[in-house]
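Asks: Before I ask anything, here is the structure I am working with.
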Protein chains: 4
Amino acid sequence: MTEQPTYPTALGAADRERITLLGQDLAEDIMGKVGFGELAFWLAAQRQPTSGEVRVFEAVLAALADHGYTPTAIVTRLTWLSAPDSVQGALAAGLLGGGSRFLGVTEDTGRFLHTVLEDVDGDLPTDDDGWDALALATLRDQRTAGRLVPGLGHHVHKDVDPRTPRLLQIAAEEGLVGPHLSLFAAVGRVHPQVLGRTLPLNGAGVCGAALADLGLPLPLLRGFALLARAAGLVGQLAEELRTPVAEQIFLSVDLHNRPVAPTPWDER
Amino acid sequence: MTEQPTYPTALGAADRERITLLGQDLAEDIMGKVGFGELAFWLAAQRQPTSGEVRVFEAVLAALADHGYTPTAIVTRLTWLSAPDSVQGALAAGLLGGGSRFLGVTEDTGRFLHTVLEDVDGDLPTDDDGWDALALATLRDQRTAGRLVPGLGHHVHKDVDPRTPRLLQIAAEEGLVGPHLSLFAAVGRVHPQVLGRTLPLNGAGVCGAALADLGLPLPLLRGFALLARAAGLVGQLAEELRTPVAEQIFLSVDLHNRPVAPTPWDER
Amino acid sequence: MTEQPTYPTALGAADRERITLLGQDLAEDIMGKVGFGELAFWLAAQRQPTSGEVRVFEAVLAALADHGYTPTAIVTRLTWLSAPDSVQGALAAGLLGGGSRFLGVTEDTGRFLHTVLEDVDGDLPTDDDGWDALALATLRDQRTAGRLVPGLGHHVHKDVDPRTPRLLQIAAEEGLVGPHLSLFAAVGRVHPQVLGRTLPLNGAGVCGAALADLGLPLPLLRGFALLARAAGLVGQLAEELRTPVAEQIFLSVDLHNRPVAPTPWDER
Amino acid sequence: MTEQPTYPTALGAADRERITLLGQDLAEDIMGKVGFGELAFWLAAQRQPTSGEVRVFEAVLAALADHGYTPTAIVTRLTWLSAPDSVQGALAAGLLGGGSRFLGVTEDTGRFLHTVLEDVDGDLPTDDDGWDALALATLRDQRTAGRLVPGLGHHVHKDVDPRTPRLLQIAAEEGLVGPHLSLFAAVGRVHPQVLGRTLPLNGAGVCGAALADLGLPLPLLRGFALLARAAGLVGQLAEELRTPVAEQIFLSVDLHNRPVAPTPWDER
């Protein structure tokens with residue numbers, strides 16, 4: 001006979017009369033009083049965010065919620081076409097596209113900036129000149145090592161990604177430009193000196209920097225991008241309901257398949 | 001040569017300078033101005049909700065976000081333990097548990113109430129007596145047909161599910177008690193006359209009624225429960241980061257496996 | 001202090017020296033001796049199939065493994081494009097399309113035939129005339145009730161789905177034409193008398209009938225279709241590696257998006 | 001007007017009379033003639049394997065199909081409990097656990113061995129002494145770099161993982177011990193000289209070496225482990241049908257939750 005382990009949690013709990021969440025009374029203290037973005041932040045950080053933090057956080061979620069016909073959106077619509085019995089399957093399938101290539105930039109940028117900051121000996125810079133110097137040294141190190149700088153460049157917004165100055169502005173209005181955003185902005189200012197051309201700071205990257213400045217868990221930055229995308233994918237399904245395109249997407253591929261002879265693969 | 005079809009969408013679109021979402025300028029008109037719950041509603045309904053609608057909607061999302069160690073939460077934690085390289089896989093796996101049994105009540109209740117309302121000949125009731133009469137007739141029909149009434153009963157909250165009166169109160173405060181919530185409340189008042197015992201109106205059910213009253217797409221009611229749960233599952237992962245339990249859950253099963261002889265299955 | 005429950009299983013178990021699976025020594029009795037189709041059958045039925053059963057089962061899996069650019073295949077390729085870090089995510093996303101519309105016919109047909117057979121009073125037919133009479137009565141009942149007969153009709157193979165006669169032939173060669181296949185074949189013979197036109201028995205349907213005749217669990221017939229498809233999806237990924245098309249599929253949609261004004265949804 | 005692109009594929013294709021797969025007539029040339037393991041190999045490699053290759057491949061799949069109550073198995077059962085309407089969701093959820101920690105060893109080992117072999121200047125060794133020398137040099141390099149050797153060590157089979165000698169034996173019987181298996185076996189012989197202790201070559205690792213020797217695509221080695229596991233997970237669901245344990249697993253966690261106070265996270 002072994003003793004059964006217990007499982008601690010500060011999240012949801014219930015007894016016959018009451019439901020608690022994060023130590024609050026769900027019905028009395030959260031429902032009707034706490035917004036959804038605020039709650040999502042609170043659930044992840046286990047502390048109630050300030051109203052300024054909520055505004056920055058929700059701006060990040062808005063920036064990442066939907067980008068039209070991305071692979072994740074197409075996948076969600078096609079999966080619903082094929083398995084209309086399962087909304088959860090359609091959403092899950094779409095989120096599975098949220099990996100290293102499309103949503104990864106947010107996480108990569110946040111982690112990259114964090115690593116640079118952790119490696120600083122002594123105090124962090126306190127003015128733009130200081131951040132510029134740190135950014136310059138960082139970019140040169142990356143260039144020497146042959147590594148890309150995450151968050152720099154965008155295939156459509158070749159001059160400016162409009163989300164970037166806007167998020168920096170919102171963070172400044174709320175007094176929440178911390179070291180990650182400061183360093184990221186400096187990267188935007190100095191990189192032409194190192195790379196020899198001017199690239200935009202992209203929206204996914206600035207979101208990663210902002211989430212890191214909010215003190216959210218770095219290993220989960222991708223999780224916030226996925227949460228934002230979940231709202232977008234519900235929107236995609238709602239639009240598919242009234243203006244279906246998935247069947248046409250499917251047929252545009254299937255009817256234009258071109259049978260070819262097998263090509264044996266051999267790694268050996 | 002076939003002409004390439006085009007794919008209409010009112011969701012995200014981008015050109016070199018600008019990103020639009022739902023016909024709005026994402027950076028200028030949404031980021032920093034539109035909350036996450038409001039945006040999720042807007043994406044699904046393709047119309048901006050009122051502040052009262054946002055409050056009811058966010059109360060629903062809060063009610064459904066997390067219930068502690070549900071199968072979805074356990075699944076997300078175990079999947080992350082097993083595949084820590086993929087946050088998207090852990091979230092997707094958890095959401096896949098959002099089906100007929102655990103999250104389905106929200107959708108079932110909304111659809112059930114809607115069907116009853118559509119079948120009403122003439123005008124809908126305008127006072128409690130009228131709703132009570134409709135609820136009584138409905139419950140008797142269900143009983144005759146041997147069918148359960150979705151949204152009634154809860155395995156823990158045997159007297160009152162605290163989310164139900166609270167959501168009704170919030171909807172009343174915002175002037176948003178529509179026909180679905182009215183009928184649902186009446187079911188709560190009259191069912192003892194038909195069933196011979198008193199059951200609570202559960203939180204999942206009242207959420208379905210509220211979402212239907214908000215005019216959100218009925219085939220997607222489960223989608224909103226999944227969106228709420230996505231926030232909860234990010235919270236579960238964030239807690240697993242600091243207080244891991246997944247390994248212990250896994251071992252509590254694996255170390256207590258009991259090998260038995262195979263039992264041939266035969267349908268024939 | 002609660003006693004820890006134990007969890008019985010006849011599947012895999014291991015101690016320091018030995019691994020058992022289904023009561024067999026995995027290394028000595030299964031590896032190198034049991035084929036993959038045979039093992040999959042054994043795992044599901046918890047009994048070793050005969051060689052004839054394996055042949056029919058593997059013919060079913062072959063029939064369902066891949067149909068070119070289905071939504072499941074497109075989804076797997078797009079998900080890998082978007083999240084190349086996660087092969088498991090790409091496969092899982094593709095399988096999520098295996099629902100009621102595309103893979104459901106297999107399960108629906110098996111269950112439908114089984115229900116008819118269970119409702120037969122007395123002995124089952126023993127010759128074609130008897131099966132034809134049962135099929136005729138069944139089809140008339142379905143027609144009266146306004147219900148479709150699963151397994152009948154195909155959007156491409158309008159005359160004959162080549163998998164159907166072939167699977168019936170293989171089952172006959174192995175002496176494994178049981179009541180489900182007998183009834184299904186009779187449906188193929190007599191339906192023109194009831195429907196007034198001739199439709200092919202489709203491959204998904206005959207596979208469901210064959211799986212039911214093999215005595216496999218009816219609630220899991222879709223699971224075998226998914227297993228077959230898993231092999232097909234690994235093939236799709238292997239082809240995507242050498243002849244990528246996912247990026248072009250994505251761009252063919254994204255570059256042909258057509259922004260339209262939002263259309264407010266209102267169920268009320 | 002843009003020309004519609006075409007999408008080449010050597011996999012499934014169909015016209016009104018015929019279905020082809022890999023250039024074969026599906027009904028005539030594959031169904032009833034090609035086993036499921038053989039077909040899975042063929043789909044991935046786009047060449048028909050020899051009977052010896054099929055035997056080694058199926059031994060690998062058998063070795064990886066099921067290990068009892070792994071996280072993947074528990075997740076599949078819990079997801080089915082929570083969403084019994086979706087077999088595809090339960091299987092997909094389970095496969096999502098097939099990531100870097102539990103199934104990754106197969107892929108990591110195959111890739112690692114392949115990298116070592118590619119870096120060999122001149123001819124590969126032709127006898128055990130030659131392989132031992134290469135293995136010794138490789139292990140010393142890894143040790144110097146502070147990197148682990150994938151495929152070495154097992155938390156249960158501390159002396160010998162019984163799958164390893166068996167798979168080596170099967171490959172030898174079929175004349176299919178290629179450079180990856182040769183190097184892996186040498187690692188098993190010489191590592192005590194470098195590490196100062198004796199570890200078993202684990203089954204996941206030897207499977208990766210065998211798959212690489214079969215010439216299958218290295219970026220997809222994890223895909224074969226997932227295919228094997230798909231068969232195992234269908235078995236888990238079939239067992240859950242007759243001997244349910246998921247509810248008890250869920251309750252053993254939920255009923256032993258221990259509410260604790262929130263612990264604010266702060267990365268800053």
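Convention: chains lettered A, B, ... in structure tokens order; per-chain residue numbering from 1; ligands numbered from 1 as shown.
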Counting only C-alpha atoms, which residues of chain C come no farther than 6 Å from chain B, as number ranges by chain?
Replies: C: 6-10, 22, 45-47, 215, 256-268
Asks: Would you export the selected residues with N, CA, C and O atoms as a PDB file, in the first residue's frame, please?
Replies:
ATOM      1  N   THR C   6      -4.573   0.708  -8.546  1.00  0.00           N
ATOM      2  CA  THR C   6      -3.691   0.099  -9.549  1.00  0.00           C
ATOM      3  C   THR C   6      -4.425   0.084 -10.887  1.00  0.00           C
ATOM      4  O   THR C   6      -5.642   0.168 -10.952  1.00  0.00           O
ATOM      5  N   TYR C   7      -3.652  -0.013 -11.938  1.00  0.00           N
ATOM      6  CA  TYR C   7      -4.174   0.143 -13.279  1.00  0.00           C
ATOM      7  C   TYR C   7      -3.849  -1.096 -14.105  1.00  0.00           C
ATOM      8  O   TYR C   7      -2.715  -1.273 -14.539  1.00  0.00           O
ATOM      9  N   PRO C   8      -4.831  -1.942 -14.336  1.00  0.00           N
ATOM     10  CA  PRO C   8      -4.558  -3.164 -15.084  1.00  0.00           C
ATOM     11  C   PRO C   8      -4.263  -2.874 -16.552  1.00  0.00           C
ATOM     12  O   PRO C   8      -4.809  -1.936 -17.127  1.00  0.00           O
ATOM     13  N   THR C   9      -3.411  -3.669 -17.147  1.00  0.00           N
ATOM     14  CA  THR C   9      -3.183  -3.586 -18.597  1.00  0.00           C
ATOM     15  C   THR C   9      -2.565  -4.881 -19.094  1.00  0.00           C
ATOM     16  O   THR C   9      -1.738  -5.476 -18.401  1.00  0.00           O
ATOM     17  N   ALA C  10      -2.998  -5.272 -20.268  1.00  0.00           N
ATOM     18  CA  ALA C  10      -2.402  -6.432 -20.934  1.00  0.00           C
ATOM     19  C   ALA C  10      -1.420  -5.983 -22.005  1.00  0.00           C
ATOM     20  O   ALA C  10      -0.862  -6.815 -22.719  1.00  0.00           O
ATOM     21  N   LEU C  22       1.337  -7.775 -24.581  1.00  0.00           N
ATOM     22  CA  LEU C  22       0.236  -8.712 -24.808  1.00  0.00           C
ATOM     23  C   LEU C  22       0.585 -10.109 -24.284  1.00  0.00           C
ATOM     24  O   LEU C  22       0.183 -11.125 -24.852  1.00  0.00           O
ATOM     25  N   ALA C  45      -7.350  -6.219 -30.717  1.00  0.00           N
ATOM     26  CA  ALA C  45      -8.259  -7.328 -30.410  1.00  0.00           C
ATOM     27  C   ALA C  45      -7.777  -8.155 -29.222  1.00  0.00           C
ATOM     28  O   ALA C  45      -8.535  -8.972 -28.684  1.00  0.00           O
ATOM     29  N   GLN C  46      -6.546  -7.935 -28.810  1.00  0.00           N
ATOM     30  CA  GLN C  46      -5.928  -8.744 -27.736  1.00  0.00           C
ATOM     31  C   GLN C  46      -6.008 -10.234 -28.049  1.00  0.00           C
ATOM     32  O   GLN C  46      -6.117 -11.073 -27.135  1.00  0.00           O
ATOM     33  N   ARG C  47      -5.972 -10.557 -29.309  1.00  0.00           N
ATOM     34  CA  ARG C  47      -5.793 -11.960 -29.714  1.00  0.00           C
ATOM     35  C   ARG C  47      -5.006 -11.934 -31.016  1.00  0.00           C
ATOM     36  O   ARG C  47      -5.128 -11.007 -31.820  1.00  0.00           O
ATOM     37  N   GLY C 215     -14.253  -8.760 -36.429  1.00  0.00           N
ATOM     38  CA  GLY C 215     -14.516  -8.769 -34.987  1.00  0.00           C
ATOM     39  C   GLY C 215     -13.795  -7.677 -34.228  1.00  0.00           C
ATOM     40  O   GLY C 215     -13.629  -7.773 -33.011  1.00  0.00           O
ATOM     41  N   HIS C 256      -4.082  35.414 -52.956  1.00  0.00           N
ATOM     42  CA  HIS C 256      -5.372  35.625 -53.617  1.00  0.00           C
ATOM     43  C   HIS C 256      -6.479  35.889 -52.617  1.00  0.00           C
ATOM     44  O   HIS C 256      -7.642  35.619 -52.893  1.00  0.00           O
ATOM     45  N   ASN C 257      -6.118  36.381 -51.447  1.00  0.00           N
ATOM     46  CA  ASN C 257      -7.146  36.815 -50.498  1.00  0.00           C
ATOM     47  C   ASN C 257      -7.807  38.062 -51.072  1.00  0.00           C
ATOM     48  O   ASN C 257      -7.192  38.848 -51.810  1.00  0.00           O
ATOM     49  N   ARG C 258      -9.046  38.232 -50.761  1.00  0.00           N
ATOM     50  CA  ARG C 258      -9.801  39.377 -51.271  1.00  0.00           C
ATOM     51  C   ARG C 258     -10.481  40.039 -50.075  1.00  0.00           C
ATOM     52  O   ARG C 258     -11.480  39.532 -49.565  1.00  0.00           O
ATOM     53  N   PRO C 259      -9.938  41.159 -49.619  1.00  0.00           N
ATOM     54  CA  PRO C 259     -10.522  41.810 -48.433  1.00  0.00           C
ATOM     55  C   PRO C 259     -11.955  42.245 -48.697  1.00  0.00           C
ATOM     56  O   PRO C 259     -12.248  42.851 -49.726  1.00  0.00           O
ATOM     57  N   VAL C 260     -12.815  41.899 -47.788  1.00  0.00           N
ATOM     58  CA  VAL C 260     -14.218  42.316 -47.886  1.00  0.00           C
ATOM     59  C   VAL C 260     -14.605  42.966 -46.562  1.00  0.00           C
ATOM     60  O   VAL C 260     -13.912  42.826 -45.557  1.00  0.00           O
ATOM     61  N   ALA C 261     -15.726  43.673 -46.571  1.00  0.00           N
ATOM     62  CA  ALA C 261     -16.188  44.314 -45.349  1.00  0.00           C
ATOM     63  C   ALA C 261     -16.736  43.267 -44.384  1.00  0.00           C
ATOM     64  O   ALA C 261     -17.254  42.232 -44.815  1.00  0.00           O
ATOM     65  N   PRO C 262     -16.629  43.488 -43.102  1.00  0.00           N
ATOM     66  CA  PRO C 262     -17.202  42.551 -42.122  1.00  0.00           C
ATOM     67  C   PRO C 262     -18.707  42.381 -42.338  1.00  0.00           C
ATOM     68  O   PRO C 262     -19.389  43.304 -42.763  1.00  0.00           O
ATOM     69  N   THR C 263     -19.203  41.198 -42.054  1.00  0.00           N
ATOM     70  CA  THR C 263     -20.627  40.883 -42.122  1.00  0.00           C
ATOM     71  C   THR C 263     -21.078  40.490 -40.728  1.00  0.00           C
ATOM     72  O   THR C 263     -20.857  39.361 -40.303  1.00  0.00           O
ATOM     73  N   PRO C 264     -21.703  41.385 -40.011  1.00  0.00           N
ATOM     74  CA  PRO C 264     -22.096  41.036 -38.631  1.00  0.00           C
ATOM     75  C   PRO C 264     -22.974  39.784 -38.594  1.00  0.00           C
ATOM     76  O   PRO C 264     -23.876  39.623 -39.417  1.00  0.00           O
ATOM     77  N   TRP C 265     -22.639  38.924 -37.681  1.00  0.00           N
ATOM     78  CA  TRP C 265     -23.398  37.703 -37.441  1.00  0.00           C
ATOM     79  C   TRP C 265     -24.395  37.997 -36.339  1.00  0.00           C
ATOM     80  O   TRP C 265     -24.058  38.611 -35.341  1.00  0.00           O
ATOM     81  N   ASP C 266     -25.589  37.569 -36.514  1.00  0.00           N
ATOM     82  CA  ASP C 266     -26.513  37.676 -35.394  1.00  0.00           C
ATOM     83  C   ASP C 266     -27.517  36.558 -35.437  1.00  0.00           C
ATOM     84  O   ASP C 266     -28.324  36.457 -36.343  1.00  0.00           O
ATOM     85  N   GLU C 267     -27.410  35.677 -34.464  1.00  0.00           N
ATOM     86  CA  GLU C 267     -28.310  34.524 -34.382  1.00  0.00           C
ATOM     87  C   GLU C 267     -29.672  34.928 -33.857  1.00  0.00           C
ATOM     88  O   GLU C 267     -30.646  34.209 -34.012  1.00  0.00           O
ATOM     89  N   ARG C 268     -29.675  36.051 -33.135  1.00  0.00           N
ATOM     90  CA  ARG C 268     -30.909  36.400 -32.403  1.00  0.00           C
ATOM     91  C   ARG C 268     -32.069  36.663 -33.349  1.00  0.00           C
ATOM     92  O   ARG C 268     -31.912  37.351 -34.346  1.00  0.00           O
TER      93      ARG C 268
END
Asks: Which residues come within 10 Å of Leu103 of chain C, counting only C-alpha atoms, excluding same-chain residues fewer than 5 positions away, as a PyMOL selection string?
Replies: (chain A and resi 82-83) or (chain C and resi 64+95+97-98+108+204-205+221-226+229) or (chain D and resi 88)
Asks: Those selected residues, please, written with N, CA and C atoms and delivered as an mmCIF file, in the first residue's frame.
Replies:
data_model
loop_
_atom_site.group_PDB
_atom_site.id
_atom_site.type_symbol
_atom_site.label_atom_id
_atom_site.label_comp_id
_atom_site.auth_asym_id
_atom_site.auth_seq_id
_atom_site.Cartn_x
_atom_site.Cartn_y
_atom_site.Cartn_z
ATOM 1 N N SER A 82 -13.181 18.854 -43.067
ATOM 2 C CA SER A 82 -13.003 17.406 -43.125
ATOM 3 C C SER A 82 -13.618 16.699 -41.921
ATOM 4 N N ALA A 83 -13.668 17.396 -40.801
ATOM 5 C CA ALA A 83 -14.200 16.814 -39.566
ATOM 6 C C ALA A 83 -15.100 17.831 -38.871
ATOM 7 N N LEU C 64 -7.034 2.470 -47.319
ATOM 8 C CA LEU C 64 -7.321 3.744 -46.646
ATOM 9 C C LEU C 64 -6.093 4.621 -46.408
ATOM 10 N N LEU C 95 -4.252 14.064 -38.797
ATOM 11 C CA LEU C 95 -5.210 13.072 -38.300
ATOM 12 C C LEU C 95 -6.492 13.724 -37.788
ATOM 13 N N GLY C 97 -8.221 15.782 -39.151
ATOM 14 C CA GLY C 97 -9.213 15.849 -40.224
ATOM 15 C C GLY C 97 -9.950 14.537 -40.433
ATOM 16 N N GLY C 98 -9.576 13.518 -39.672
ATOM 17 C CA GLY C 98 -10.186 12.198 -39.849
ATOM 18 C C GLY C 98 -11.487 12.078 -39.085
ATOM 19 N N ASP C 108 -19.274 4.549 -39.903
ATOM 20 C CA ASP C 108 -20.730 4.587 -40.036
ATOM 21 C C ASP C 108 -21.252 3.314 -40.695
ATOM 22 N N ALA C 204 -14.538 3.044 -48.643
ATOM 23 C CA ALA C 204 -14.573 3.298 -47.200
ATOM 24 C C ALA C 204 -15.623 2.407 -46.540
ATOM 25 N N GLY C 205 -16.753 2.240 -47.202
ATOM 26 C CA GLY C 205 -17.814 1.404 -46.654
ATOM 27 C C GLY C 205 -17.428 -0.064 -46.577
ATOM 28 N N LEU C 221 -13.635 1.660 -35.177
ATOM 29 C CA LEU C 221 -13.361 1.433 -36.601
ATOM 30 C C LEU C 221 -12.658 2.638 -37.209
ATOM 31 N N ARG C 222 -13.049 3.846 -36.777
ATOM 32 C CA ARG C 222 -12.378 5.040 -37.288
ATOM 33 C C ARG C 222 -10.888 5.034 -36.926
ATOM 34 N N GLY C 223 -10.577 4.407 -35.796
ATOM 35 C CA GLY C 223 -9.179 4.335 -35.368
ATOM 36 C C GLY C 223 -8.298 3.582 -36.349
ATOM 37 N N PHE C 224 -8.844 2.559 -36.983
ATOM 38 C CA PHE C 224 -8.035 1.821 -37.955
ATOM 39 C C PHE C 224 -7.831 2.649 -39.218
ATOM 40 N N ALA C 225 -8.861 3.384 -39.604
ATOM 41 C CA ALA C 225 -8.695 4.294 -40.741
ATOM 42 C C ALA C 225 -7.620 5.333 -40.426
ATOM 43 N N LEU C 226 -7.590 5.783 -39.172
ATOM 44 C CA LEU C 226 -6.586 6.774 -38.772
ATOM 45 C C LEU C 226 -5.186 6.172 -38.758
ATOM 46 N N ARG C 229 -4.070 6.019 -42.235
ATOM 47 C CA ARG C 229 -3.760 7.361 -42.690
ATOM 48 C C ARG C 229 -2.446 7.872 -42.099
ATOM 49 N N GLN D 88 -10.308 10.603 -33.263
ATOM 50 C CA GLN D 88 -9.144 11.259 -33.883
ATOM 51 C C GLN D 88 -8.473 12.219 -32.904
#
Asks: From a DSSP pass on the backbone, collect the residues of segment 143-225 of chain C flagged as helix (DSSP H, G or I) and hand them back as a PyMOL selection string.
Replies: chain C and resi 143-144+163-173+179-195+203-213+218-225
Asks: Need the shell around Glu38 of chain B: protein/DNA/RNA residues with any atom at most 7 Å away, counting only C-alpha atoms. Skip same-chain ones fewer than 4 positions apart. Format as a list in words?
Replies: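 Close residues of Glu38 of chain B: Val34, Trp42, Pro49 and Val54 of chain B.
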Asks: With N, CA and C atoms retained, write the just-selected residues as a PDB file, in the first residue's frame.
Replies:
ATOM      1  N   VAL B  34      -8.575  48.192 -27.849  1.00  0.00           N
ATOM      2  CA  VAL B  34      -9.563  47.118 -27.801  1.00  0.00           C
ATOM      3  C   VAL B  34      -9.031  46.002 -26.908  1.00  0.00           C
ATOM      4  N   TRP B  42     -15.481  40.400 -31.323  1.00  0.00           N
ATOM      5  CA  TRP B  42     -15.532  41.114 -32.596  1.00  0.00           C
ATOM      6  C   TRP B  42     -15.101  40.191 -33.748  1.00  0.00           C
ATOM      7  N   PRO B  49     -18.697  44.669 -30.128  1.00  0.00           N
ATOM      8  CA  PRO B  49     -19.691  44.523 -29.058  1.00  0.00           C
ATOM      9  C   PRO B  49     -19.788  45.813 -28.230  1.00  0.00           C
ATOM     10  N   VAL B  54     -19.392  43.044 -23.763  1.00  0.00           N
ATOM     11  CA  VAL B  54     -18.035  42.611 -23.400  1.00  0.00           C
ATOM     12  C   VAL B  54     -18.010  42.103 -21.965  1.00  0.00           C
TER      13      VAL B  54
END
Asks: Quick one: DSSP strand (DSSP E) residues in segment 11-192 of chain C, as a list in words?
Replies: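 Selecting the strand (DSSP E) positions of segment 11-192 of chain C gives Ala13, Ala14, Ile19, Thr20, Leu21, Gln24 and Asp25 of chain C.
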Asks: What's the 9 Å shell around Arg55 of chain B, counting only C-alpha atoms, without same-chain residues fewer than 5 positions away, as JSON, numbers by chain?
Replies: {"A": [31, 32, 33, 34, 35], "B": [37, 38, 50, 60, 170, 171, 174]}
Asks: State, in Å with one decimal place, the distance from atom CA of Leu211 of chain D to atom CA of Thr106 of chain D.
Replies: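 Rounded to one decimal, the two atoms are 8.8 Å apart.
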Asks: Find the residues near segment 239-248 of chain D: any atom within 6 Å, counting only C-alpha atoms, skip ones fewer than 3 places away on the same chain, and give them as a PyMOL selection string.
Replies: chain D and resi 77-78+236+251-252
Asks: Can you pull out every residue within 12 Å of segment 136-150 of chain C, counting only C-alpha atoms, but drop anything in the same chain fewer than 2 positions away, and send it as number ranges by chain?
Replies: C: 100-101, 103-113, 115-117, 119-120, 128-134, 152-154, 183-196, 199-209
Asks: So how far away is atom CA of Leu168 of chain A from atom CA of Glu53 of chain A, in Å?
Replies: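 These atoms are spaced 13.1 Å apart.
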